[in-house]
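Novice: The structure's right below; bear with me while I get my questions together.
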Amino acid sequence: QGVPAFDSQGRVYFRSDFEVDNVFRLYRANIDGTMRAQVAGSSLTNGNGEASTGAVGITPDGSTLVFGSDSPTANLYQLHALDLSGNTAVAISDVAAGLTPTSSTGPDFAPAIQFSPDGTLAVVRADWPVSADAAVNDWSVFVVPLDGSGAIRIFAVPMGANQDVEEAVFSANSARLFVRGDLVANNDNIVASTTDFTTPDQSATTATLP
């Protein structure tokens with residue numbers, strides 16, 4: 001489930017619950033399917049036991065695996081980075097840490113995690129509730145520095161209005177983020193962009209492309 005990712009050696013990474021139903025583990029295999037194994041360092045835990053893997057992506061240089069996991073809190077998926085030359089995952093997001101959700105909250109599982117081409121920033125569509133107006137299943141866009149300095153909700157969709165961010169990508173020089181979705185009005189897909197990756201909840205109206 002989700003989009004496979006590939007490292008600098010061409011090996012494929014994917015999440016699956018084929019071993020334990022509804023416990024999604026992170027696996028790696030050679031491109032021909034041989035040498036399949038759970039990724040060392042990706043097995044994390046929460047209060048219920050083994051955590052599940054969510055969204056997956058690999059930095060443009062193929063050296064760092066970034067994945068969502070509902071660790072340390074069950075159902076609250078945080079991003080973790082794993083240098084593929086080692087076997088220790090490091091948390092790079094700590095969003096809504098006081099929340100104890102009853103259903104999955106965090107980066108969308110289906111799309112691959114996207115990165116700035118320089119490999120310093122990840123961007124995800126996520127339903128982390130970071131403020132009083134936020135709600136699970138409202139998809140906003142978050143930029144997450146790989147240095148662990150904290151996730152930032154760049155554009156917030158109007159909560160409870162059935163509006164969502166659909167996708168976000170960086171420009172080739174890593175200087176600008178483009179975001180598509182019904183950011184201003186429901187069922188009206190627009191593209192907004194920004195070069196500011198540190199200010200939260202920017203106005204999509206003023207950032208909308210003509």
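By order in the structure tokens, chains are A, B, ...; within a chain, residues start at 1; ligands start at 1, following the order shown.
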Once you count only C-alpha atoms, what closest atom pair and distance in Å to one decimal does each residue of segment 55-94 of chain A within 10 Å of segment 141-162 of chain A have, with rows by chain and rising residue number, as a tab-separated table?

Specialist:
residue	atom	partner	partner_atom	distance
A:Thr59	CA	A:Leu146	CA	9.8
A:Thr64	CA	A:Leu146	CA	9.5
A:Val66	CA	A:Leu146	CA	8.7
A:Gln78	CA	A:Ala151	CA	9.8
A:Leu79	CA	A:Val144	CA	8.4
A:His80	CA	A:Leu146	CA	8.8
A:Ala81	CA	A:Leu146	CA	7.2
A:Val90	CA	A:Gly148	CA	8.4
A:Ala91	CA	A:Gly148	CA	6.9
A:Ile92	CA	A:Gly148	CA	4.0
A:Ser93	CA	A:Gly150	CA	5.5
A:Asp94	CA	A:Gly150	CA	6.8

Novice: Can you write out the residues you just picked, keeping N, CA and C atoms, as an mmCIF file, in the first residue's frame?

Specialist:
data_model
loop_
_atom_site.group_PDB
_atom_site.id
_atom_site.type_symbol
_atom_site.label_atom_id
_atom_site.label_comp_id
_atom_site.auth_asym_id
_atom_site.auth_seq_id
_atom_site.Cartn_x
_atom_site.Cartn_y
_atom_site.Cartn_z
ATOM 1 N N THR A 59 15.105 10.661 0.046
ATOM 2 C CA THR A 59 15.658 11.925 -0.430
ATOM 3 C C THR A 59 16.216 11.791 -1.843
ATOM 4 N N THR A 64 18.722 8.907 2.344
ATOM 5 C CA THR A 64 17.971 8.997 3.594
ATOM 6 C C THR A 64 16.525 8.594 3.369
ATOM 7 N N VAL A 66 12.750 8.540 4.695
ATOM 8 C CA VAL A 66 11.849 9.248 5.592
ATOM 9 C C VAL A 66 10.513 8.504 5.576
ATOM 10 N N GLN A 78 4.069 10.337 13.129
ATOM 11 C CA GLN A 78 5.129 11.328 13.037
ATOM 12 C C GLN A 78 6.129 10.881 11.968
ATOM 13 N N LEU A 79 6.883 11.848 11.422
ATOM 14 C CA LEU A 79 7.914 11.520 10.438
ATOM 15 C C LEU A 79 9.221 11.181 11.141
ATOM 16 N N HIS A 80 9.892 10.174 10.599
ATOM 17 C CA HIS A 80 11.203 9.745 11.088
ATOM 18 C C HIS A 80 12.163 9.672 9.901
ATOM 19 N N ALA A 81 13.422 9.990 10.145
ATOM 20 C CA ALA A 81 14.458 9.918 9.106
ATOM 21 C C ALA A 81 15.449 8.824 9.481
ATOM 22 N N VAL A 90 15.478 8.602 13.391
ATOM 23 C CA VAL A 90 15.423 9.784 14.240
ATOM 24 C C VAL A 90 14.128 10.524 13.943
ATOM 25 N N ALA A 91 13.357 10.865 14.980
ATOM 26 C CA ALA A 91 12.119 11.610 14.783
ATOM 27 C C ALA A 91 12.427 13.012 14.282
ATOM 28 N N ILE A 92 11.738 13.451 13.221
ATOM 29 C CA ILE A 92 11.937 14.806 12.700
ATOM 30 C C ILE A 92 10.662 15.632 12.783
ATOM 31 N N SER A 93 9.581 15.051 13.290
ATOM 32 C CA SER A 93 8.365 15.824 13.559
ATOM 33 C C SER A 93 7.851 15.451 14.941
ATOM 34 N N ASP A 94 7.193 16.409 15.561
ATOM 35 C CA ASP A 94 6.591 16.197 16.873
ATOM 36 C C ASP A 94 5.330 17.054 16.916
#

Novice: Tell me, which residues of segment 2-205 of chain A carry DSSP strand (DSSP E), written as JSON, numbers by chain?

Specialist: {"A": [5, 6, 12, 13, 14, 15, 16, 25, 26, 27, 28, 29, 37, 38, 45, 46, 49, 50, 53, 54, 55, 56, 57, 58, 64, 65, 66, 67, 68, 69, 78, 79, 80, 81, 82, 83, 89, 90, 91, 114, 115, 121, 122, 123, 124, 125, 126, 140, 141, 142, 143, 144, 145, 152, 153, 154, 155, 165, 166, 167, 168, 169, 170, 177, 178, 179, 180, 181, 190, 191, 192, 193, 194]}

Novice: With only C-alpha atoms as the basis for distance, which of A:Gly68, A:Pro111, A:Gly2, A:Gly47 is at the shortest distance from Arg15 of chain A?

Specialist: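 Using only C-alpha atoms, the shortest distance to Arg15 of chain A belongs to A:Gly2.
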
Novice: Taking into account only C-alpha atoms, which residue in the set A:Ala37, A:Val124, A:Ala5, A:Ala112 is nearest to Glu19 of chain A?

Specialist: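 Among the listed residues, A:Ala37 lies closest to Glu19 of chain A.
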
Novice: Please, what distance in Å, to one decimal, runs between atom CA of Phe178 of chain A and atom CA of Gly54 of chain A?

Specialist: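 Atom-to-atom, atom CA of Phe178 of chain A to atom CA of Gly54 of chain A, that is 23.4 Å.
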
Novice: Show me, as an NGL selection string, the residues that have an atom within 8 Å of Asp83 of chain A when counting only C-alpha atoms, minus same-chain residues fewer than 2 positions from it.

Specialist: :A and (63-65 or 81 or 85-89)
